[in-house]
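Q: Here you go, model26.txt (compact mmCIF, C-alpha atoms):
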```txt
# COMPACT_ATOMS: atom_id res chain seq x y z
CA MET A 1409 45.98 -37.86 42.97
CA THR A 1410 42.96 -35.63 42.70
CA LYS A 1411 40.82 -35.90 39.58
CA SER A 1412 39.57 -32.32 39.72
CA PHE A 1413 40.84 -28.82 40.34
CA ARG A 1414 39.26 -25.75 41.90
CA VAL A 1415 38.34 -22.88 39.58
CA GLY A 1416 36.65 -20.51 42.01
CA ARG A 1417 33.83 -19.89 44.46
CA ILE A 1418 30.32 -18.58 43.76
CA PHE A 1419 27.98 -17.61 46.62
CA GLY A 1420 30.35 -19.42 48.98
CA ILE A 1421 30.17 -22.66 46.95
CA GLU A 1422 33.41 -24.23 45.68
CA ILE A 1423 33.42 -24.84 41.92
CA GLU A 1424 35.63 -27.65 40.62
CA VAL A 1425 36.33 -29.06 37.16
CA ASP A 1426 37.03 -32.75 36.74
CA TYR A 1427 39.69 -33.62 34.18
CA THR A 1428 37.16 -35.72 32.24
CA TRP A 1429 35.32 -32.46 31.48
CA PHE A 1430 37.95 -31.56 28.90
CA ILE A 1431 37.02 -34.66 26.90
CA VAL A 1432 33.40 -33.67 26.45
CA PHE A 1433 34.38 -30.01 25.97
CA PHE A 1434 36.55 -30.93 22.98
CA LEU A 1435 33.99 -33.37 21.54
CA LEU A 1436 31.16 -30.85 21.84
CA ALA A 1437 33.22 -28.00 20.36
CA ALA A 1438 34.31 -30.26 17.49
CA ALA A 1439 30.73 -31.32 16.77
CA LEU A 1440 29.59 -27.69 16.76
CA SER A 1441 32.40 -26.55 14.49
CA MET A 1442 32.27 -29.37 11.94
CA ASP A 1443 28.51 -29.94 11.85
CA ILE A 1444 26.13 -27.27 13.10
CA LEU A 1445 28.24 -24.18 12.40
CA ALA A 1446 29.57 -25.55 9.11
CA THR A 1447 25.97 -26.09 7.95
CA ARG A 1448 24.36 -22.91 9.27
CA LEU A 1449 27.30 -20.52 8.90
CA PRO A 1450 29.22 -21.79 5.86
CA HIS A 1451 30.74 -18.36 5.21
CA LEU A 1452 32.86 -18.55 8.38
CA SER A 1453 36.46 -19.70 8.11
CA LEU A 1454 37.55 -22.90 9.85
CA GLY A 1455 39.42 -20.95 12.52
CA MET A 1456 36.45 -18.68 13.18
CA ARG A 1457 34.11 -21.67 13.42
CA TRP A 1458 36.35 -23.26 16.06
CA LEU A 1459 36.47 -19.96 17.97
CA VAL A 1460 32.67 -19.62 17.90
CA ALA A 1461 32.31 -23.30 18.84
CA ALA A 1462 34.61 -22.91 21.85
CA PHE A 1463 32.73 -19.76 22.95
CA THR A 1464 29.38 -21.57 22.59
CA THR A 1465 30.62 -24.59 24.54
CA VAL A 1466 31.77 -22.34 27.38
CA LEU A 1467 28.32 -20.73 27.47
CA PHE A 1468 26.67 -24.14 27.48
CA PHE A 1469 28.68 -25.31 30.47
CA GLY A 1470 27.91 -21.98 32.08
CA SER A 1471 24.27 -23.00 31.71
CA VAL A 1472 25.02 -26.36 33.33
CA LEU A 1473 26.74 -24.53 36.18
CA LEU A 1474 23.70 -22.28 36.68
CA HIS A 1475 21.50 -25.38 36.71
CA GLU A 1476 23.59 -26.89 39.51
CA LEU A 1477 23.90 -23.58 41.35
CA SER A 1478 20.11 -23.35 41.53
CA HIS A 1479 20.02 -26.77 43.20
CA SER A 1480 22.77 -25.76 45.61
CA LEU A 1481 21.35 -22.39 46.58
CA VAL A 1482 17.91 -23.83 47.29
CA ALA A 1483 19.56 -26.64 49.29
CA LYS A 1484 21.49 -24.09 51.36
CA ALA A 1485 18.26 -22.18 51.96
CA GLU A 1486 16.80 -25.46 53.26
CA GLY A 1487 19.63 -25.78 55.77
CA LEU A 1488 21.78 -28.33 53.92
CA THR A 1489 25.55 -28.15 53.56
CA ILE A 1490 26.95 -28.03 50.01
CA SER A 1491 30.57 -29.10 49.76
CA GLY A 1492 30.85 -27.92 46.16
CA ILE A 1493 29.87 -28.30 42.52
CA THR A 1494 31.90 -30.36 40.07
CA LEU A 1495 31.70 -30.15 36.28
CA PHE A 1496 32.61 -33.48 34.68
CA ILE A 1497 32.15 -35.57 31.55
CA PHE A 1498 28.39 -36.05 32.06
CA GLY A 1499 27.64 -32.43 32.97
CA GLY A 1500 27.66 -31.29 36.57
CA VAL A 1501 26.79 -32.39 40.08
CA SER A 1502 26.06 -30.57 43.33
CA LYS A 1503 27.67 -32.33 46.28
CA MET A 1504 25.25 -32.34 49.22
CA THR A 1505 26.62 -33.88 52.41
CA ASP A 1506 23.17 -34.81 53.72
CA GLU A 1507 19.64 -35.61 52.58
CA PRO A 1508 16.84 -33.00 52.65
CA LYS A 1509 14.92 -32.84 55.89
CA SER A 1510 11.48 -33.27 54.30
CA ALA A 1511 9.71 -34.26 51.10
CA ALA A 1512 8.82 -30.60 50.47
CA ALA A 1513 12.48 -29.59 50.71
CA GLU A 1514 13.44 -32.43 48.36
CA PHE A 1515 10.88 -31.26 45.80
CA LYS A 1516 12.04 -27.64 45.91
CA ILE A 1517 15.70 -28.59 45.56
CA ALA A 1518 15.01 -31.02 42.71
CA ILE A 1519 12.75 -28.78 40.65
CA ALA A 1520 15.05 -25.74 40.90
CA GLY A 1521 17.49 -27.08 38.28
CA PRO A 1522 14.98 -27.80 35.48
CA LEU A 1523 13.24 -24.48 36.13
CA MET A 1524 16.56 -22.68 35.71
CA SER A 1525 17.25 -24.57 32.47
CA LEU A 1526 13.78 -23.68 31.15
CA LEU A 1527 14.34 -20.03 32.05
CA LEU A 1528 17.69 -20.05 30.24
CA ALA A 1529 16.05 -21.66 27.21
CA VAL A 1530 13.45 -18.88 27.04
CA LEU A 1531 16.14 -16.18 27.44
CA CYS A 1532 18.32 -17.74 24.73
CA PHE A 1533 15.44 -18.02 22.27
CA GLY A 1534 14.54 -14.42 23.02
CA LEU A 1535 18.10 -13.32 22.27
CA THR A 1536 17.99 -15.33 19.05
CA PHE A 1537 15.05 -13.34 17.68
CA ALA A 1538 16.36 -10.05 19.05
CA LEU A 1539 19.86 -10.38 17.57
CA ARG A 1540 19.03 -11.85 14.17
CA PRO A 1541 18.10 -8.52 12.46
CA MET A 1542 21.22 -6.73 13.73
CA PRO A 1543 24.40 -6.38 11.65
CA GLY A 1544 26.43 -9.55 12.15
CA GLY A 1545 23.65 -10.90 14.35
CA THR A 1546 23.30 -14.14 12.39
CA VAL A 1547 26.24 -15.74 14.20
CA PHE A 1548 24.87 -14.86 17.63
CA ALA A 1549 21.39 -15.95 16.56
CA VAL A 1550 22.73 -19.40 15.68
CA VAL A 1551 24.71 -19.60 18.93
CA PHE A 1552 21.82 -18.62 21.19
CA GLY A 1553 19.33 -20.67 19.19
CA TRP A 1554 21.47 -23.77 19.81
CA LEU A 1555 21.90 -22.85 23.49
CA GLY A 1556 18.13 -22.41 23.84
CA ALA A 1557 17.50 -25.84 22.33
CA MET A 1558 20.16 -27.48 24.51
CA ASN A 1559 18.84 -25.91 27.72
CA GLY A 1560 15.34 -27.02 26.80
CA MET A 1561 16.61 -30.56 26.19
CA LEU A 1562 18.56 -30.44 29.46
CA ALA A 1563 15.40 -29.51 31.35
CA VAL A 1564 13.32 -32.25 29.68
CA PHE A 1565 15.99 -34.94 30.16
CA ASN A 1566 16.50 -34.08 33.82
CA LEU A 1567 12.74 -34.27 34.42
CA LEU A 1568 12.65 -37.95 33.39
CA PRO A 1569 11.37 -39.93 36.41
CA GLY A 1570 14.53 -41.84 37.22
CA PHE A 1571 16.58 -41.23 40.35
CA PRO A 1572 19.07 -39.53 40.69
CA LEU A 1573 17.88 -37.31 37.83
CA ASP A 1574 15.89 -34.27 38.95
CA GLY A 1575 12.65 -35.90 37.79
CA GLY A 1576 13.56 -38.96 39.82
CA ARG A 1577 14.07 -36.76 42.86
CA VAL A 1578 10.68 -35.14 42.25
CA LEU A 1579 9.24 -38.67 42.11
CA ARG A 1580 11.06 -39.53 45.33
CA ALA A 1581 9.62 -36.44 47.01
CA GLY A 1582 6.10 -37.52 46.08
CA LEU A 1583 6.69 -41.10 47.23
CA TRP A 1584 8.33 -39.86 50.43
CA LYS A 1585 5.28 -37.70 51.18
CA ALA A 1586 2.90 -40.61 50.49
CA MET A 1587 4.86 -43.40 52.19
CA ALA A 1588 6.53 -41.43 55.02
CA SER A 1589 9.74 -43.38 54.35
CA LEU A 1590 12.79 -41.89 52.67
CA ALA A 1591 14.45 -45.29 52.24
CA ASP A 1592 11.41 -46.87 50.55
CA ALA A 1593 10.88 -43.81 48.37
CA THR A 1594 14.53 -43.85 47.33
CA ARG A 1595 14.40 -47.59 46.57
CA ILE A 1596 11.41 -47.19 44.23
CA ALA A 1597 12.77 -44.04 42.55
CA ALA A 1598 16.19 -45.69 42.12
CA THR A 1599 14.50 -48.72 40.50
CA PHE A 1600 12.93 -46.33 37.99
CA GLY A 1601 16.39 -44.82 37.45
CA GLN A 1602 17.97 -48.21 36.79
CA ALA A 1603 15.17 -49.17 34.41
CA LEU A 1604 15.55 -45.89 32.54
CA GLY A 1605 19.31 -46.39 32.35
CA ILE A 1606 18.94 -49.93 30.97
CA LEU A 1607 16.44 -48.65 28.39
CA MET A 1608 18.95 -45.98 27.31
CA ILE A 1609 21.72 -48.57 27.02
CA VAL A 1610 19.62 -50.94 24.91
CA GLY A 1611 18.23 -48.12 22.78
CA GLY A 1612 21.65 -46.54 22.28
CA VAL A 1613 23.27 -49.80 21.17
CA PHE A 1614 20.30 -50.73 18.95
CA PHE A 1615 20.18 -47.42 17.10
CA PHE A 1616 23.97 -47.41 16.74
CA LEU A 1617 23.80 -50.78 15.00
CA ILE A 1618 20.99 -49.54 12.75
CA ALA A 1619 22.21 -46.02 11.96
CA ARG A 1620 25.98 -46.44 12.53
CA ASP A 1621 25.94 -43.09 14.36
CA ALA A 1622 28.44 -42.94 17.24
CA GLY A 1623 26.21 -40.39 18.98
CA PHE A 1624 23.95 -43.23 20.06
CA LEU A 1625 26.87 -44.82 21.92
CA TRP A 1626 27.01 -41.67 24.01
CA LEU A 1627 23.36 -42.27 24.92
CA ALA A 1628 24.25 -45.81 25.99
CA LEU A 1629 27.16 -44.50 28.07
CA ILE A 1630 24.89 -42.02 29.84
CA GLY A 1631 22.47 -44.88 30.50
CA TRP A 1632 25.23 -46.95 32.07
CA PHE A 1633 26.23 -44.02 34.27
CA LEU A 1634 22.60 -43.53 35.32
CA THR A 1635 22.19 -47.17 36.37
CA GLN A 1636 25.37 -47.02 38.46
CA MET A 1637 24.36 -43.74 40.11
CA ALA A 1638 20.85 -44.98 40.88
CA GLN A 1639 22.20 -48.03 42.67
CA SER A 1640 24.91 -46.19 44.59
CA SER A 1641 22.51 -43.39 45.60
CA TYR A 1642 20.11 -45.88 47.16
CA GLN A 1643 22.95 -47.65 48.96
CA GLN A 1644 24.11 -44.31 50.33
CA VAL A 1645 20.67 -43.54 51.74
CA VAL A 1646 20.52 -46.95 53.42
CA LEU A 1647 24.02 -46.47 54.82
CA ARG A 1648 23.20 -42.98 56.08
CA GLN A 1649 20.09 -44.17 57.92
CA ALA A 1650 22.03 -47.03 59.50
CA LEU A 1651 24.95 -44.87 60.63
CA SER A 1652 22.79 -41.98 61.83
CA VAL A 1653 21.71 -44.02 64.88
CA VAL A 1654 25.24 -45.16 65.80
CA PRO A 1655 27.30 -42.86 68.06
CA VAL A 1656 30.98 -42.38 67.34
CA SER A 1657 31.79 -43.90 70.75
CA GLN A 1658 30.55 -47.30 69.51
CA ALA A 1659 32.75 -47.31 66.40
CA MET A 1660 35.94 -45.62 67.63
CA THR A 1661 39.19 -47.27 68.70
CA ALA A 1662 39.85 -46.35 72.32
CA GLN A 1663 43.57 -47.21 72.27
CA VAL A 1664 45.19 -44.35 70.38
CA GLN A 1665 48.62 -44.91 68.82
CA ALA A 1666 50.35 -41.51 68.85
CA VAL A 1667 53.46 -40.21 67.08
CA PRO A 1668 56.18 -38.38 69.11
CA ALA A 1669 56.52 -34.78 68.00
CA ASP A 1670 60.28 -35.02 67.34
CA MET A 1671 60.14 -38.16 65.17
CA PRO A 1672 61.29 -37.61 61.55
CA LEU A 1673 58.87 -38.24 58.73
CA ASP A 1674 60.75 -41.17 57.19
CA ARG A 1675 60.42 -43.11 60.45
CA ILE A 1676 56.76 -42.16 60.76
CA VAL A 1677 56.10 -43.52 57.27
CA ASN A 1678 57.98 -46.78 57.94
CA ASP A 1679 57.15 -47.41 61.61
CA TYR A 1680 53.59 -46.10 61.73
CA ILE A 1681 51.82 -45.54 58.40
CA MET A 1682 53.24 -48.62 56.67
CA ALA A 1683 53.37 -50.77 59.81
CA TYR A 1684 49.83 -50.05 61.04
CA ASN A 1685 48.31 -49.32 57.60
CA HIS A 1686 46.61 -46.16 58.87
CA PRO A 1687 46.53 -42.81 57.01
CA ALA A 1688 46.70 -40.49 60.05
CA PHE A 1689 48.10 -40.36 63.59
CA PRO A 1690 47.84 -37.86 66.44
CA VAL A 1691 51.07 -36.07 67.34
CA LEU A 1692 52.00 -35.69 71.02
CA ASP A 1693 54.57 -33.37 72.57
CA GLY A 1694 54.81 -35.08 75.92
CA ASP A 1695 51.20 -35.09 77.08
CA ARG A 1696 50.21 -32.16 74.87
CA LEU A 1697 48.26 -32.91 71.71
CA LEU A 1698 49.63 -30.93 68.75
CA GLY A 1699 47.31 -32.16 66.02
CA LEU A 1700 46.48 -34.96 63.60
CA LEU A 1701 49.18 -35.79 61.05
CA CYS A 1702 47.62 -37.13 57.83
CA LEU A 1703 49.31 -38.85 54.94
CA ALA A 1704 48.39 -35.88 52.73
CA ASP A 1705 50.40 -33.58 55.08
CA ILE A 1706 53.51 -35.76 54.66
CA GLN A 1707 53.08 -35.93 50.88
CA ARG A 1708 53.29 -32.15 50.69
CA VAL A 1709 56.83 -32.28 52.14
CA PRO A 1710 59.67 -32.97 49.63
CA ARG A 1711 60.74 -36.60 50.03
CA GLU A 1712 64.43 -35.71 50.26
CA THR A 1713 63.74 -33.78 53.49
CA TRP A 1714 61.83 -36.58 55.25
CA SER A 1715 64.91 -37.69 57.20
CA HIS A 1716 65.15 -34.41 59.15
CA ALA A 1717 61.61 -32.94 58.90
CA THR A 1718 59.72 -33.91 62.05
CA ALA A 1719 56.10 -34.45 62.97
CA ARG A 1720 56.21 -31.17 64.90
CA ASP A 1721 57.31 -29.35 61.73
CA THR A 1722 54.65 -30.95 59.54
CA VAL A 1723 51.48 -31.44 61.55
CA PRO A 1724 48.89 -28.69 60.96
CA PRO A 1725 47.44 -26.93 64.01
CA LEU A 1726 44.64 -28.87 65.63
CA THR A 1727 41.30 -27.50 64.43
CA GLU A 1728 37.68 -28.58 64.71
CA GLN A 1729 37.78 -30.17 61.26
CA TYR A 1730 39.85 -33.08 62.62
CA VAL A 1731 37.96 -33.43 65.92
CA ILE A 1732 34.61 -35.04 66.64
CA ALA A 1733 32.65 -35.66 69.84
CA PRO A 1734 31.86 -39.20 71.01
CA GLN A 1735 28.15 -38.35 70.96
CA ALA A 1736 28.21 -37.44 67.24
CA THR A 1737 26.91 -39.99 64.75
CA ALA A 1738 29.09 -42.33 62.72
CA TRP A 1739 27.53 -40.82 59.59
CA ASP A 1740 28.77 -37.36 60.61
CA ALA A 1741 32.24 -38.84 61.11
CA LEU A 1742 32.19 -40.54 57.69
CA ILE A 1743 31.12 -37.33 55.93
CA ARG A 1744 33.77 -35.31 57.76
CA MET A 1745 36.52 -37.76 56.81
CA THR A 1746 35.41 -37.70 53.18
CA THR A 1747 35.13 -33.91 53.05
CA GLU A 1748 38.46 -33.23 54.79
CA ASN A 1749 40.29 -35.99 52.85
CA CYS A 1750 41.74 -37.42 56.05
CA GLY A 1751 41.05 -41.04 56.91
CA ARG A 1752 40.77 -40.59 60.69
CA LEU A 1753 39.29 -38.20 63.24
CA LEU A 1754 40.25 -37.65 66.85
CA VAL A 1755 37.42 -38.28 69.29
CA VAL A 1756 37.70 -35.54 71.92
CA GLU A 1757 35.56 -34.78 74.97
CA ASP A 1758 36.24 -32.08 77.56
CA GLY A 1759 39.64 -31.42 75.95
CA LEU A 1760 40.77 -35.03 76.33
CA VAL A 1761 41.35 -37.57 73.56
CA ARG A 1762 38.91 -40.44 74.11
CA GLY A 1763 39.80 -42.37 70.97
CA ILE A 1764 40.21 -42.23 67.22
CA ILE A 1765 37.82 -43.24 64.44
CA SER A 1766 38.51 -44.27 60.85
CA ARG A 1767 36.51 -45.42 57.83
CA THR A 1768 37.73 -48.93 58.60
CA ASP A 1769 36.28 -48.71 62.13
CA ILE A 1770 32.89 -47.69 60.72
CA MET A 1771 32.83 -50.41 58.07
CA ARG A 1772 33.89 -53.02 60.63
CA LEU A 1773 31.03 -51.99 62.90
CA MET A 1774 28.55 -52.12 60.02
CA ARG A 1775 29.66 -55.62 59.01
CA MET A 1776 29.23 -56.75 62.61
CA ARG A 1777 25.76 -55.23 62.85
CA MET A 1778 24.74 -56.90 59.59
CA GLN A 1779 26.00 -60.29 60.79
CA LEU A 1780 24.08 -59.89 64.04
CA GLY A 1781 21.00 -58.54 62.29
CA VAL A 1782 20.80 -55.39 64.40
```
Can the structure in the file be given as C-alpha cells, please?

A:
Amino acid sequence: MTKSFRVGRIFGIEIEVDYTWFIVFFLLAAALSMDILATRLPHLSLGMRWLVAAFTTVLFFGSVLLHELSHSLVAKAEGLTISGITLFIFGGVSKMTDEPKSAAAEFKIAIAGPLMSLLLAVLCFGLTFALRPMPGGTVFAVVFGWLGAMNGMLAVFNLLPGFPLDGGRVLRAGLWKAMASLADATRIAATFGQALGILMIVGGVFFFLIARDAGFLWLALIGWFLTQMAQSSYQQVVLRQALSVVPVSQAMTAQVQAVPADMPLDRIVNDYIMAYNHPAFPVLDGDRLLGLLCLADIQRVPRETWSHATARDTVPPLTEQYVIAPQATAWDALIRMTTENCGRLLVVEDGLVRGIISRTDIMRLMRMRMQLGV
C-alpha cells in the first residue's frame, strides 16, 4: 500500500503528499492557533484563529514546496532526472534518481533551496511592513511575519554542514572538488550529518528534561531522522558506484520463466508468483512477447474475477519502461525497478528476450562480489 498520493504536477515534476504530512500539518496549525495567534491576535474568535492557522500552515508548506522545487529545477537544468517531490512529516524531499555529474553542479543544486527560502523570508517581511497600516492588515502582518521568520529559520537550518542537509551537500561539493572523490566526500559529509543528528538528539532530550517542553522532543526526532538519512545516503552512493560498473548481462537470469497468455490469474498467482516468489513474469502468446505482468497489475483486478481473467487480459502493453538492454548498468536497472514499482525488467536485445533481472539478482551479485573482494 502506497504511503503517499499524487496532488499534481509543476514544471513537469510530480508532487506527492505522504500521509504523515497530515500529522505535522495538524500539530503546526494547532500550535499557531493556540499559541502565536492567541497571543498576538486575542480579538479573533477560536474558529477564526483555526481558519487563519490552517491558511498560514498551507502557505508555509507552499514555501517548503518552493524550496524543493528550486532544487529540482536546478537539478533538471544540470541534466538530472527528478522522479518527483514528496511532502512528508519532516518537510519535503526532491527525489533525484542519480548524483550530480560534478562538484559545481552539486553546489548549485544544494544552494538553490536555501536561497529560495531566504528570498521568501525577505518577501514575507516586506509584506508584513506593507500590510500592517492597512485596514485589517494586522492579521496578515502577523501571518507573513511568522512565515518570514520560519523561512529564515528553514534557510539557516538547511545550511548546517551535515549531509544530507543542503549545507552538508555544499560541504560535500567542496570536499568533492578538493579530493576528486564523490565517495570520500560523501563519507566525510555524512559523518558530519550523523554527528549533527546525535547532537540534536542529546540536546533535544536534555532540554526536554530541563524545561519539560515537548517541542524539544521534536528536535530530537529530527536529529534521529538526520542520522538515519546521513547513513543511508552514504550507503546509496557506495552502492551506486559499485553497480555503475556492472552490466545488466552479469546480473540477469538467462533462463526466463514465462506465463502463457491464456492462463487465468488465480493460477498465475498460485503456480508462478507464490511458487517462484517473484513479483513479475513475461507473458507469451506462442513465441510472441506480449508484455511483463507485475503483481501490481494483478492487484488492480477484482479478486472475484481472477478465475476467468487471463494474463492476456491483464498484462499492459510492452513499453520501454519494462525493458532494459544487457549493456545497461545494474544501477540503471535498480533505479528503473524502483521508479516503475515493478520488481523485474526484461533484458531485450535486437527484439529478443535475453533474460530477466530483479532486485534479488542484483543483491545476489553484490554479495558475491563482496565475498570475493572484487

Q: With all atoms listed in the file as the basis for distance, which of A:Gly1521, A:Gly1499, A:Val1653, A:Gly1623 is at the shortest distance from A:Ala1439?

A: A:Gly1623

Q: I'd like the contact shell of A:Ser1640 - 12 Å cut-off, only C-alpha atoms, skipping same-chain residues fewer than 4 positions apart - returned as a PyMOL selection string.

A: chain A and resi 1571-1572+1594-1595+1598-1599+1601-1602+1633-1636+1644-1647

Q: Centre and edge lengths of an axis-aligned box around all listed atoms of stretch 1419-1428 of chain A, with 5 Å added on each side, are to be given in Å to one decimal, as JSON.

A:
```
{"center_x": 33.8, "center_y": -26.7, "center_z": 40.6, "size_x": 21.7, "size_y": 28.1, "size_z": 26.7}
```

Q: Stretch 1455-1462 of chain A: which residues within 10 Å, counting only C-alpha atoms, same-chain residues fewer than 4 positions away excluded, as a PyMOL selection string?

A: chain A and resi 1433-1434+1436-1442+1444-1446+1449-1451+1466-1468+1547-1548+1551

Q: Export C-alpha atoms of the chosen residues as a JSON list (two decimals), keeping the file's coordinate frame?

A:
```json
[["chain", "number", "residue", "atom", "x", "y", "z"],
["A", 1433, "PHE", "CA", 34.38, -30.01, 25.97],
["A", 1434, "PHE", "CA", 36.55, -30.93, 22.98],
["A", 1436, "LEU", "CA", 31.16, -30.85, 21.84],
["A", 1437, "ALA", "CA", 33.22, -28.00, 20.36],
["A", 1438, "ALA", "CA", 34.31, -30.26, 17.49],
["A", 1439, "ALA", "CA", 30.73, -31.32, 16.77],
["A", 1440, "LEU", "CA", 29.59, -27.69, 16.76],
["A", 1441, "SER", "CA", 32.40, -26.55, 14.49],
["A", 1442, "MET", "CA", 32.27, -29.37, 11.94],
["A", 1444, "ILE", "CA", 26.13, -27.27, 13.10],
["A", 1445, "LEU", "CA", 28.24, -24.18, 12.40],
["A", 1446, "ALA", "CA", 29.57, -25.55, 9.11],
["A", 1449, "LEU", "CA", 27.30, -20.52, 8.90],
["A", 1450, "PRO", "CA", 29.22, -21.79, 5.86],
["A", 1451, "HIS", "CA", 30.74, -18.36, 5.21],
["A", 1466, "VAL", "CA", 31.77, -22.34, 27.38],
["A", 1467, "LEU", "CA", 28.32, -20.73, 27.47],
["A", 1468, "PHE", "CA", 26.67, -24.14, 27.48],
["A", 1547, "VAL", "CA", 26.24, -15.74, 14.20],
["A", 1548, "PHE", "CA", 24.87, -14.86, 17.63],
["A", 1551, "VAL", "CA", 24.71, -19.60, 18.93]]
```

Q: With all atoms listed in the file as the atoms that count, which of A:Val1578, A:Val1425, A:Met1745, A:Met1561 lies nearest to A:Ala1511?

A: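 Answer, going by the shortest atom-to-atom distance: A:Val1578.
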
Q: Quick one: distance from atom CA of A:Ala1588 to atom CA of A:Gly1492 in Å, one decimal?

A: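 Atom CA of A:Gly1492 lies at a distance of 29.2 Å from atom CA of A:Ala1588.
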
Q: From the list A:Asp1758, A:Asp1443, A:Asp1670, A:Asp1426, which residue is nearest A:His1716 when using only C-alpha atoms?

A: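 Residue with the minimum atom-to-atom distance to A:His1716: A:Asp1670.
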
Q: Between A:Leu1780, A:Val1472, A:Leu1625, A:Cys1702, which is the closest to A:Tyr1680 once you count only C-alpha atoms?

A: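 The answer is A:Cys1702, which sits nearest to A:Tyr1680.
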